[in-house]
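Asker: Here you go, this is query35.cif (mmCIF, C-alpha atoms).
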data_start
#
loop_
_atom_site.group_PDB
_atom_site.id
_atom_site.type_symbol
_atom_site.label_atom_id
_atom_site.label_comp_id
_atom_site.auth_asym_id
_atom_site.auth_seq_id
_atom_site.Cartn_x
_atom_site.Cartn_y
_atom_site.Cartn_z
ATOM 1 C CA MET S 176 -134.347 -16.437 66.010
ATOM 2 C CA PRO S 177 -132.488 -19.660 66.925
ATOM 3 C CA PHE S 178 -128.730 -19.474 67.148
ATOM 4 C CA THR S 179 -126.873 -21.791 64.797
ATOM 5 C CA ALA S 180 -123.255 -22.213 65.751
ATOM 6 C CA LYS S 181 -120.791 -22.047 62.897
ATOM 7 C CA SER S 182 -118.490 -25.037 62.624
ATOM 8 C CA GLY S 183 -114.875 -24.292 63.375
ATOM 9 C CA LYS S 184 -113.448 -27.164 61.398
ATOM 10 C CA PHE S 185 -111.057 -26.330 58.571
ATOM 11 C CA ASN S 186 -110.527 -27.730 55.110
ATOM 12 C CA ALA S 187 -106.815 -27.934 55.894
ATOM 13 C CA LYS S 188 -105.528 -30.493 58.361
ATOM 14 C CA ILE S 189 -102.349 -31.437 60.200
ATOM 15 C CA ASN S 190 -100.334 -34.236 58.589
ATOM 16 C CA THR S 191 -100.688 -37.666 60.136
ATOM 17 C CA VAL S 192 -97.287 -39.060 61.052
ATOM 18 C CA GLU S 193 -96.868 -42.626 62.312
ATOM 19 C CA VAL S 194 -94.087 -43.478 64.750
ATOM 20 C CA GLY S 195 -93.090 -47.024 65.589
ATOM 21 C CA THR S 196 -94.204 -50.300 64.066
ATOM 22 C CA GLY S 197 -96.737 -53.017 64.762
ATOM 23 C CA ASP S 198 -99.596 -52.861 67.258
ATOM 24 C CA LYS S 199 -97.846 -50.291 69.480
ATOM 25 C CA ALA S 200 -97.283 -47.747 66.690
ATOM 26 C CA ILE S 201 -98.758 -44.301 67.339
ATOM 27 C CA LYS S 202 -100.173 -41.648 65.031
ATOM 28 C CA LEU S 203 -99.559 -37.964 65.611
ATOM 29 C CA GLY S 204 -101.579 -35.169 64.042
ATOM 30 C CA GLY S 205 -104.444 -35.584 61.606
ATOM 31 C CA GLU S 206 -106.674 -32.936 63.193
ATOM 32 C CA ASN S 207 -108.587 -30.266 61.289
ATOM 33 C CA VAL S 208 -109.703 -28.268 64.347
ATOM 34 C CA PHE S 209 -107.944 -26.339 67.066
ATOM 35 C CA PRO S 210 -106.693 -28.271 70.116
ATOM 36 C CA PHE S 211 -109.489 -30.112 71.958
ATOM 37 C CA TYR S 212 -112.203 -28.428 69.840
ATOM 38 C CA THR S 213 -114.167 -31.660 69.628
ATOM 39 C CA PHE S 214 -117.403 -29.639 69.481
ATOM 40 C CA ASP S 215 -116.341 -28.562 65.980
ATOM 41 C CA ASP S 216 -115.254 -31.969 64.670
ATOM 42 C CA ALA S 217 -113.944 -35.298 65.913
ATOM 43 C CA ILE S 218 -110.202 -35.355 66.560
ATOM 44 C CA GLU S 219 -108.712 -38.246 64.639
ATOM 45 C CA ASN S 220 -105.715 -38.934 66.872
ATOM 46 C CA ALA S 221 -105.601 -37.945 70.530
ATOM 47 C CA PRO S 222 -102.354 -36.296 71.692
ATOM 48 C CA LYS S 223 -99.752 -38.817 72.849
ATOM 49 C CA VAL S 224 -97.690 -38.916 76.043
ATOM 50 C CA GLY S 225 -94.129 -40.227 76.223
ATOM 51 C CA ILE S 226 -91.814 -40.876 79.138
ATOM 52 C CA GLU S 227 -88.142 -39.898 79.168
ATOM 53 C CA ILE S 228 -85.045 -41.686 80.406
ATOM 54 C CA THR S 229 -81.433 -40.750 79.742
ATOM 55 C CA ASP S 230 -78.163 -42.534 79.071
ATOM 56 C CA GLY S 231 -77.128 -41.515 82.584
ATOM 57 C CA GLY S 232 -79.545 -43.992 84.112
ATOM 58 C CA MET S 233 -80.517 -43.656 87.749
ATOM 59 C CA GLU S 234 -77.783 -41.173 88.664
ATOM 60 C CA SER S 235 -79.229 -38.608 86.260
ATOM 61 C CA GLU S 236 -82.706 -38.706 87.778
ATOM 62 C CA PRO S 237 -84.127 -36.641 90.667
ATOM 63 C CA GLU S 238 -84.284 -38.585 93.923
ATOM 64 C CA CYS S 239 -88.063 -38.764 93.783
ATOM 65 C CA VAL S 240 -87.902 -40.371 90.345
ATOM 66 C CA GLN S 241 -85.141 -42.793 91.360
ATOM 67 C CA LYS S 242 -87.487 -44.285 93.947
ATOM 68 C CA LEU S 243 -89.928 -45.220 91.207
ATOM 69 C CA TYR S 244 -87.214 -47.188 89.419
ATOM 70 C CA GLU S 245 -86.051 -49.028 92.527
ATOM 71 C CA GLY S 246 -84.259 -52.248 91.584
ATOM 72 C CA CYS S 247 -83.151 -50.964 88.180
ATOM 73 C CA THR S 248 -79.386 -51.059 87.708
ATOM 74 C CA THR S 249 -79.013 -50.258 83.993
ATOM 75 C CA VAL S 250 -80.575 -47.944 81.433
ATOM 76 C CA VAL S 251 -82.211 -50.991 79.848
ATOM 77 C CA ASP S 252 -83.769 -51.922 83.190
ATOM 78 C CA MET S 253 -85.174 -48.411 83.436
ATOM 79 C CA ALA S 254 -86.530 -48.584 79.892
ATOM 80 C CA LYS S 255 -88.359 -51.813 80.640
ATOM 81 C CA LYS S 256 -89.869 -50.289 83.786
ATOM 82 C CA ALA S 257 -90.725 -46.958 82.168
ATOM 83 C CA VAL S 258 -92.951 -48.466 79.493
ATOM 84 C CA THR S 259 -95.055 -50.249 82.132
ATOM 85 C CA PHE S 260 -96.258 -47.021 83.778
ATOM 86 C CA ASP S 261 -99.906 -46.144 83.129
ATOM 87 C CA GLY S 262 -100.531 -43.900 80.146
ATOM 88 C CA VAL S 263 -97.167 -44.216 78.400
ATOM 89 C CA ASP S 264 -97.520 -44.191 74.600
ATOM 90 C CA PHE S 265 -93.831 -44.043 73.668
ATOM 91 C CA LEU S 266 -90.348 -43.990 75.163
ATOM 92 C CA SER S 267 -87.849 -41.179 74.737
ATOM 93 C CA ILE S 268 -84.150 -41.635 75.455
ATOM 94 C CA ARG S 269 -82.053 -38.500 75.761
ATOM 95 C CA LEU S 270 -78.332 -38.903 75.052
ATOM 96 C CA GLU S 271 -77.260 -36.044 77.302
ATOM 97 C CA GLY S 272 -73.991 -37.766 78.207
ATOM 98 C CA GLY S 273 -72.663 -37.014 74.748
ATOM 99 C CA ASP S 274 -72.292 -33.300 75.463
ATOM 100 C CA PRO S 275 -68.613 -32.361 74.883
ATOM 101 C CA ASN S 276 -68.967 -29.808 77.688
ATOM 102 C CA GLY S 277 -70.267 -32.474 80.019
ATOM 103 C CA LYS S 278 -69.360 -36.150 80.295
ATOM 104 C CA ASN S 279 -68.457 -36.318 76.598
ATOM 105 C CA LYS S 280 -69.320 -39.995 76.250
ATOM 106 C CA SER S 281 -68.295 -41.633 73.009
ATOM 107 C CA THR S 282 -70.760 -42.046 70.184
ATOM 108 C CA GLU S 283 -70.121 -45.800 70.193
ATOM 109 C CA GLU S 284 -71.084 -46.129 73.875
ATOM 110 C CA LEU S 285 -74.263 -44.102 73.459
ATOM 111 C CA ILE S 286 -75.406 -45.875 70.304
ATOM 112 C CA GLN S 287 -74.933 -49.230 72.006
ATOM 113 C CA ILE S 288 -77.313 -48.026 74.724
ATOM 114 C CA VAL S 289 -79.835 -47.017 72.062
ATOM 115 C CA LYS S 290 -79.588 -50.459 70.447
ATOM 116 C CA ASP S 291 -79.978 -52.243 73.777
ATOM 117 C CA VAL S 292 -83.029 -50.182 74.694
ATOM 118 C CA ALA S 293 -84.601 -50.747 71.275
ATOM 119 C CA ASP S 294 -84.162 -54.489 71.677
ATOM 120 C CA ALA S 295 -85.713 -54.432 75.155
ATOM 121 C CA VAL S 296 -88.992 -52.576 74.514
ATOM 122 C CA ASP S 297 -91.753 -52.765 71.931
ATOM 123 C CA VAL S 298 -93.119 -49.212 72.094
ATOM 124 C CA PRO S 299 -92.245 -46.422 69.636
ATOM 125 C CA LEU S 300 -88.907 -44.752 70.310
ATOM 126 C CA VAL S 301 -87.840 -41.127 70.272
ATOM 127 C CA VAL S 302 -84.096 -40.471 70.394
ATOM 128 C CA CYS S 303 -83.031 -37.018 71.597
ATOM 129 C CA GLY S 304 -79.525 -35.631 71.344
ATOM 130 C CA CYS S 305 -77.328 -33.802 73.868
ATOM 131 C CA LYS S 306 -78.156 -30.256 72.672
ATOM 132 C CA ASN S 307 -74.704 -29.760 71.147
ATOM 133 C CA VAL S 308 -75.333 -29.322 67.429
ATOM 134 C CA GLU S 309 -72.032 -30.778 66.240
ATOM 135 C CA LYS S 310 -72.144 -33.839 68.500
ATOM 136 C CA ASP S 311 -75.840 -34.341 67.749
ATOM 137 C CA ALA S 312 -75.130 -34.453 64.027
ATOM 138 C CA GLU S 313 -72.868 -37.443 64.685
ATOM 139 C CA LEU S 314 -74.998 -39.054 67.396
ATOM 140 C CA LEU S 315 -78.340 -38.819 65.637
ATOM 141 C CA ASP S 316 -76.879 -39.894 62.313
ATOM 142 C CA LYS S 317 -75.646 -43.101 63.961
ATOM 143 C CA ALA S 318 -78.883 -43.512 65.936
ATOM 144 C CA ALA S 319 -80.919 -43.418 62.725
ATOM 145 C CA ALA S 320 -78.776 -46.215 61.298
ATOM 146 C CA ALA S 321 -78.909 -48.262 64.505
ATOM 147 C CA LEU S 322 -82.713 -48.136 64.533
ATOM 148 C CA ASP S 323 -83.171 -49.093 60.896
ATOM 149 C CA GLY S 324 -86.632 -50.614 60.481
ATOM 150 C CA LYS S 325 -87.963 -49.252 63.796
ATOM 151 C CA ASN S 326 -89.614 -46.121 62.334
ATOM 152 C CA ALA S 327 -88.261 -44.162 65.306
ATOM 153 C CA MET S 328 -88.325 -40.400 65.722
ATOM 154 C CA ILE S 329 -84.910 -38.747 65.628
ATOM 155 C CA LEU S 330 -85.205 -35.536 67.648
ATOM 156 C CA ALA S 331 -83.955 -33.213 66.507
ATOM 157 C CA ALA S 332 -82.518 -31.673 63.398
ATOM 158 C CA LYS S 333 -81.634 -27.989 63.706
ATOM 159 C CA GLU S 334 -80.731 -25.413 61.095
ATOM 160 C CA GLU S 335 -77.030 -25.987 61.842
ATOM 161 C CA ASN S 336 -77.111 -29.777 61.321
ATOM 162 C CA TYR S 337 -80.300 -30.569 59.387
ATOM 163 C CA LYS S 338 -78.421 -31.763 56.295
ATOM 164 C CA THR S 339 -76.625 -34.556 58.149
ATOM 165 C CA ILE S 340 -79.577 -35.641 60.277
ATOM 166 C CA GLY S 341 -82.160 -35.149 57.544
ATOM 167 C CA ALA S 342 -80.154 -37.145 55.013
ATOM 168 C CA SER S 343 -79.571 -39.997 57.436
ATOM 169 C CA ALA S 344 -82.861 -40.203 59.329
ATOM 170 C CA GLY S 345 -85.223 -38.966 56.653
ATOM 171 C CA LEU S 346 -83.658 -40.284 53.453
ATOM 172 C CA ALA S 347 -81.294 -43.191 54.110
ATOM 173 C CA TYR S 348 -83.146 -44.941 56.964
ATOM 174 C CA LYS S 349 -86.722 -43.641 56.584
ATOM 175 C CA GLN S 350 -87.135 -42.592 60.216
ATOM 176 C CA VAL S 351 -89.339 -39.750 61.445
ATOM 177 C CA VAL S 352 -87.371 -36.503 61.517
ATOM 178 C CA GLY S 353 -87.813 -34.047 64.382
ATOM 179 C CA ALA S 354 -87.279 -30.438 63.327
ATOM 180 C CA GLU S 355 -86.241 -28.217 66.242
ATOM 181 C CA SER S 356 -86.437 -24.436 66.182
ATOM 182 C CA ALA S 357 -86.208 -21.771 68.873
ATOM 183 C CA VAL S 358 -89.732 -20.505 69.659
ATOM 184 C CA ASP S 359 -90.250 -18.569 66.418
ATOM 185 C CA ILE S 360 -92.829 -19.365 63.739
ATOM 186 C CA ASN S 361 -90.573 -18.130 60.943
ATOM 187 C CA LEU S 362 -87.670 -20.294 62.089
ATOM 188 C CA ALA S 363 -89.966 -23.311 62.356
ATOM 189 C CA LYS S 364 -91.261 -22.735 58.855
ATOM 190 C CA GLN S 365 -87.783 -22.152 57.422
ATOM 191 C CA LEU S 366 -86.448 -25.416 58.849
ATOM 192 C CA ASN S 367 -89.389 -27.388 57.482
ATOM 193 C CA VAL S 368 -88.764 -25.878 54.058
ATOM 194 C CA LEU S 369 -85.054 -26.715 54.224
ATOM 195 C CA LEU S 370 -85.759 -30.334 55.165
ATOM 196 C CA THR S 371 -88.281 -30.826 52.369
ATOM 197 C CA GLN S 372 -85.926 -29.187 49.869
ATOM 198 C CA LEU S 373 -83.340 -31.714 51.000
ATOM 199 C CA GLY S 374 -85.789 -34.430 49.958
ATOM 200 C CA VAL S 375 -87.340 -35.400 53.291
ATOM 201 C CA ASP S 376 -91.029 -36.263 52.938
ATOM 202 C CA SER S 377 -93.101 -33.637 54.756
ATOM 203 C CA LYS S 378 -95.328 -36.466 56.022
ATOM 204 C CA THR S 379 -92.380 -37.788 58.056
ATOM 205 C CA ILE S 380 -91.497 -34.517 59.799
ATOM 206 C CA VAL S 381 -92.571 -33.618 63.334
ATOM 207 C CA MET S 382 -91.806 -30.180 64.763
ATOM 208 C CA ASN S 383 -90.340 -29.279 68.121
ATOM 209 C CA ALA S 384 -91.147 -25.591 67.947
ATOM 210 C CA GLY S 385 -89.427 -24.949 71.259
ATOM 211 C CA THR S 386 -90.578 -24.742 74.850
ATOM 212 C CA ALA S 387 -89.692 -23.621 78.365
ATOM 213 C CA ALA S 388 -91.005 -24.313 81.830
ATOM 214 C CA VAL S 389 -94.082 -22.346 82.854
ATOM 215 C CA GLY S 390 -93.062 -18.944 84.156
ATOM 216 C CA TYR S 391 -89.879 -18.806 82.087
ATOM 217 C CA GLY S 392 -90.791 -16.713 79.055
ATOM 218 C CA PHE S 393 -93.651 -19.122 78.554
ATOM 219 C CA ASP S 394 -95.926 -16.568 76.888
ATOM 220 C CA TYR S 395 -93.603 -16.699 73.862
ATOM 221 C CA VAL S 396 -93.945 -20.480 73.725
ATOM 222 C CA ILE S 397 -97.739 -20.405 73.815
ATOM 223 C CA SER S 398 -98.068 -17.582 71.300
ATOM 224 C CA THR S 399 -95.696 -19.373 68.923
ATOM 225 C CA LEU S 400 -97.617 -22.658 69.124
ATOM 226 C CA ASP S 401 -100.902 -20.782 68.655
ATOM 227 C CA ARG S 402 -99.554 -19.013 65.578
ATOM 228 C CA VAL S 403 -98.132 -22.209 64.067
ATOM 229 C CA LYS S 404 -101.411 -24.089 64.468
ATOM 230 C CA ALA S 405 -103.479 -21.151 63.199
ATOM 231 C CA ALA S 406 -101.303 -20.749 60.105
ATOM 232 C CA ALA S 407 -101.457 -24.475 59.389
ATOM 233 C CA LEU S 408 -105.235 -24.730 59.679
ATOM 234 C CA SER S 409 -106.875 -21.367 59.042
ATOM 235 C CA GLN S 410 -104.359 -20.250 56.389
ATOM 236 C CA GLY S 411 -103.679 -23.706 54.953
ATOM 237 C CA ASP S 412 -99.900 -23.240 55.168
ATOM 238 C CA THR S 413 -98.528 -26.644 54.157
ATOM 239 C CA THR S 414 -95.059 -25.787 55.437
ATOM 240 C CA LEU S 415 -96.466 -25.719 58.997
ATOM 241 C CA GLN S 416 -98.856 -28.655 58.841
ATOM 242 C CA MET S 417 -96.483 -31.019 60.618
ATOM 243 C CA PRO S 418 -97.507 -32.340 64.055
ATOM 244 C CA ILE S 419 -95.803 -30.779 67.079
ATOM 245 C CA ILE S 420 -93.958 -32.644 69.838
ATOM 246 C CA THR S 421 -92.812 -30.866 72.989
ATOM 247 C CA PRO S 422 -90.052 -32.285 75.249
ATOM 248 C CA VAL S 423 -91.373 -30.971 78.557
ATOM 249 C CA ALA S 424 -89.292 -33.086 80.957
ATOM 250 C CA SER S 425 -85.882 -31.679 80.091
ATOM 251 C CA GLU S 426 -87.139 -28.134 80.726
ATOM 252 C CA THR S 427 -89.235 -28.478 83.862
ATOM 253 C CA TRP S 428 -86.987 -30.718 85.973
ATOM 254 C CA THR S 429 -84.016 -28.334 85.759
ATOM 255 C CA VAL S 430 -85.601 -25.095 87.015
ATOM 256 C CA LYS S 431 -85.303 -23.935 90.629
ATOM 257 C CA GLU S 432 -88.903 -24.794 91.485
ATOM 258 C CA SER S 433 -88.107 -28.451 90.767
ATOM 259 C CA THR S 434 -84.585 -28.555 92.218
ATOM 260 C CA ALA S 435 -84.442 -26.277 95.285
ATOM 261 C CA THR S 436 -84.466 -28.478 98.376
ATOM 262 C CA GLU S 437 -87.121 -28.294 101.061
ATOM 263 C CA GLU S 438 -84.398 -27.282 103.514
ATOM 264 C CA ASP S 439 -83.466 -24.288 101.365
ATOM 265 C CA MET S 440 -87.043 -23.322 100.453
ATOM 266 C CA PRO S 441 -89.396 -24.746 103.094
ATOM 267 C CA GLU S 442 -92.135 -22.284 102.131
ATOM 268 C CA TRP S 443 -92.329 -23.893 98.679
ATOM 269 C CA GLY S 444 -93.526 -27.209 100.032
ATOM 270 C CA ASN S 445 -92.777 -30.781 98.980
ATOM 271 C CA LEU S 446 -90.052 -31.035 96.315
ATOM 272 C CA GLU S 447 -91.561 -33.970 94.421
ATOM 273 C CA GLU S 448 -94.962 -32.298 94.260
ATOM 274 C CA ARG S 449 -93.348 -29.131 92.922
ATOM 275 C CA GLY S 450 -91.605 -31.043 90.148
ATOM 276 C CA ILE S 451 -94.803 -32.815 89.155
ATOM 277 C CA ASP S 452 -96.745 -29.541 89.242
ATOM 278 C CA MET S 453 -94.254 -27.810 86.973
ATOM 279 C CA GLU S 454 -94.337 -30.699 84.534
ATOM 280 C CA VAL S 455 -98.128 -31.040 84.478
ATOM 281 C CA GLU S 456 -98.762 -27.314 84.133
ATOM 282 C CA THR S 457 -96.300 -27.002 81.266
ATOM 283 C CA ALA S 458 -97.607 -30.073 79.452
ATOM 284 C CA ALA S 459 -101.254 -29.048 79.818
ATOM 285 C CA ALA S 460 -100.514 -25.583 78.439
ATOM 286 C CA VAL S 461 -98.559 -26.713 75.373
ATOM 287 C CA LEU S 462 -101.195 -29.319 74.555
ATOM 288 C CA ALA S 463 -103.905 -26.665 74.740
ATOM 289 C CA ALA S 464 -101.813 -24.469 72.444
ATOM 290 C CA GLY S 465 -101.237 -27.105 69.779
ATOM 291 C CA SER S 466 -98.771 -29.860 70.714
ATOM 292 C CA ASP S 467 -99.683 -33.305 69.435
ATOM 293 C CA ALA S 468 -97.333 -35.082 71.864
ATOM 294 C CA VAL S 469 -95.427 -34.312 75.053
ATOM 295 C CA ILE S 470 -92.438 -35.988 76.688
ATOM 296 C CA LEU S 471 -92.605 -36.221 80.497
ATOM 297 C CA LYS S 472 -90.480 -37.728 83.264
ATOM 298 C CA HIS S 473 -92.588 -38.515 86.334
ATOM 299 C CA PRO S 474 -95.183 -41.331 86.018
ATOM 300 C CA GLU S 475 -97.680 -39.267 88.028
ATOM 301 C CA SER S 476 -97.365 -36.490 85.444
ATOM 302 C CA VAL S 477 -97.965 -39.030 82.687
ATOM 303 C CA ARG S 478 -101.106 -40.348 84.399
ATOM 304 C CA THR S 479 -102.447 -36.861 85.046
ATOM 305 C CA ILE S 480 -101.929 -35.594 81.512
ATOM 306 C CA LYS S 481 -103.270 -38.809 80.007
ATOM 307 C CA ALA S 482 -106.427 -38.431 82.120
ATOM 308 C CA MET S 483 -106.798 -34.817 81.017
ATOM 309 C CA ILE S 484 -106.553 -35.806 77.362
ATOM 310 C CA SER S 485 -109.116 -38.580 77.830
ATOM 311 C CA GLU S 486 -111.583 -36.157 79.412
ATOM 312 C CA LEU S 487 -111.213 -33.595 76.626
ATOM 313 C CA ILE S 488 -111.173 -35.781 73.505
#
Could you quickly redo this structure as structure tokens?
Answerer:
Amino acid sequence: MPFTAKSGKFNAKINTVEVGTGDKAIKLGGENVFPFYTFDDAIENAPKVGIEITDGGMESEPECVQKLYEGCTTVVDMAKKAVTFDGVDFLSIRLEGGDPNGKNKSTEELIQIVKDVADAVDVPLVVCGCKNVEKDAELLDKAAAALDGKNAMILAAKEENYKTIGASAGLAYKQVVGAESAVDINLAKQLNVLLTQLGVDSKTIVMNAGTAAVGYGFDYVISTLDRVKAAALSQGDTTLQMPIITPVASETWTVKESTATEEDMPEWGNLEERGIDMEVETAAAVLAAGSDAVILKHPESVRTIKAMISELI
């Protein structure tokens, strides 16, 4: 008897969310199959790859990354260079200097950087906060206003500040709202519900369901992404049918494998290669588990992941 494979496509599908405007706009989500299951059905929108810079400019980057931006003296210079690297679909700027426990830069200074970057590039923008919920409420509120008309992604609203960021980004300025939770399907679902109850259109929400670098409790990350995608598709849970974006760069370039010098750990090999490896391995895993977009730092990581996506879609 001939074997007839059963199709694995679902009646439910992930929401399609557009980020950016014009010819460079990108679409996230839209799939009705599990990640890279093109043998079940065509995947409408391939996963996207972004590149990250920060308000700190060159001084905030690893030495190996600084070399790739040689000649850049400002954050705007870096933004212009970043979007020229092969495979970059969007630009992410992380406002880490706003952290009150760090450099505590003023909101006005950081928002001016966001405006200058937005004026200098024509790719979709993702604006990430400093990971301090109170400062991010202020920063991302102002960033949403500064990028009015850009259809940028404001990443991210958390349970502690979703009302401020959701009202500004999602309601007042019609930006894409990033919803960030801490590696837990129930927390991800709860935040999506809270944002939609606030009035934010579910078709303008993208989830950051949490991540870590490979080897750092990463099994929880993968199982959470798997469960979110399975609930969205196989169970038709509309509160989890938002696309997923994973900021890989900020996790992988801070762990010891990416920062320990070759003098301290000669047995680990070349430092730059280690950083790229950590970034690529993490990005590949979260994409296979359900992410619709990843944010990376090293151009070689971007090229590698972009090539992987092209081979699998």
Asker: Quick one, how far is atom CA of S:Glu426 from atom CA of S:Gly385?
Answerer: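 Separation of atom CA of S:Glu426 and atom CA of S:Gly385: 10.2 Å.
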Asker: Starting from the displayed file, determine the output of the PyMOL selection byres ((chain S and resi 331-343) around 9) and express the residue list as a VMD selection string.
Answerer: chain S and resid 302 to 304 306 308 to 309 311 to 313 315 to 317 319 to 320 328 to 330 344 to 350 352 to 356 362 365 to 366 369 to 370 373 to 375 382 to 383
Asker: Measuring atom to atom with all atoms listed in the file, identify which of S:Gly197, S:Gly231, S:Pro237, S:Gly183 is nearest to S:Glu271.
Answerer: S:Gly231
Asker: For this file, the PyMOL selection byres ((chain S and resi 454-458) around 7) selects which residues, as a PyMOL selection string?
Answerer: chain S and resi 388-389+423-424+427+450-453+459-462+469+476+480
Asker: For the file shown, report as a PyMOL selection string the outcome of the PyMOL selection byres ((chain S and resi 379) around 6) at residue level.
Answerer: chain S and resi 192+351+376-378+380
Asker: For the selection just defined, write its residues with C-alpha atoms to a file, as a compact mmCIF listing (two decimals), keeping the file's coordinate frame.
Answerer:
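And here's part27.txt as it stands now:
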# COMPACT_ATOMS: atom_id res chain seq x y z
CA VAL S 192 -97.29 -39.06 61.05
CA VAL S 351 -89.34 -39.75 61.44
CA ASP S 376 -91.03 -36.26 52.94
CA SER S 377 -93.10 -33.64 54.76
CA LYS S 378 -95.33 -36.47 56.02
CA ILE S 380 -91.50 -34.52 59.80
Asker: Sorted by chain and rising residue number, which residues of stretch 197-306 of chain S lie within 12 Å of stretch 390-405 of chain S, and what are their closest atom pairs and distances in Å to one decimal, counting only C-alpha atoms, as a tab-separated table?
Answerer:
residue	atom	partner	partner_atom	distance
S:Gly204	CA	S:Lys404	CA	11.1
S:Glu206	CA	S:Lys404	CA	10.4
S:Asn207	CA	S:Lys404	CA	10.0
S:Val208	CA	S:Lys404	CA	9.3
S:Phe209	CA	S:Lys404	CA	7.4
S:Pro210	CA	S:Lys404	CA	8.8
Asker: Kindly give the distance, in Å, that separates atom CA of S:Ala221 and atom CA of S:Pro422, rounded to a single decimal.
Answerer: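 Spanning atom CA of S:Ala221 to atom CA of S:Pro422 is a straight-line distance of 17.2 Å.
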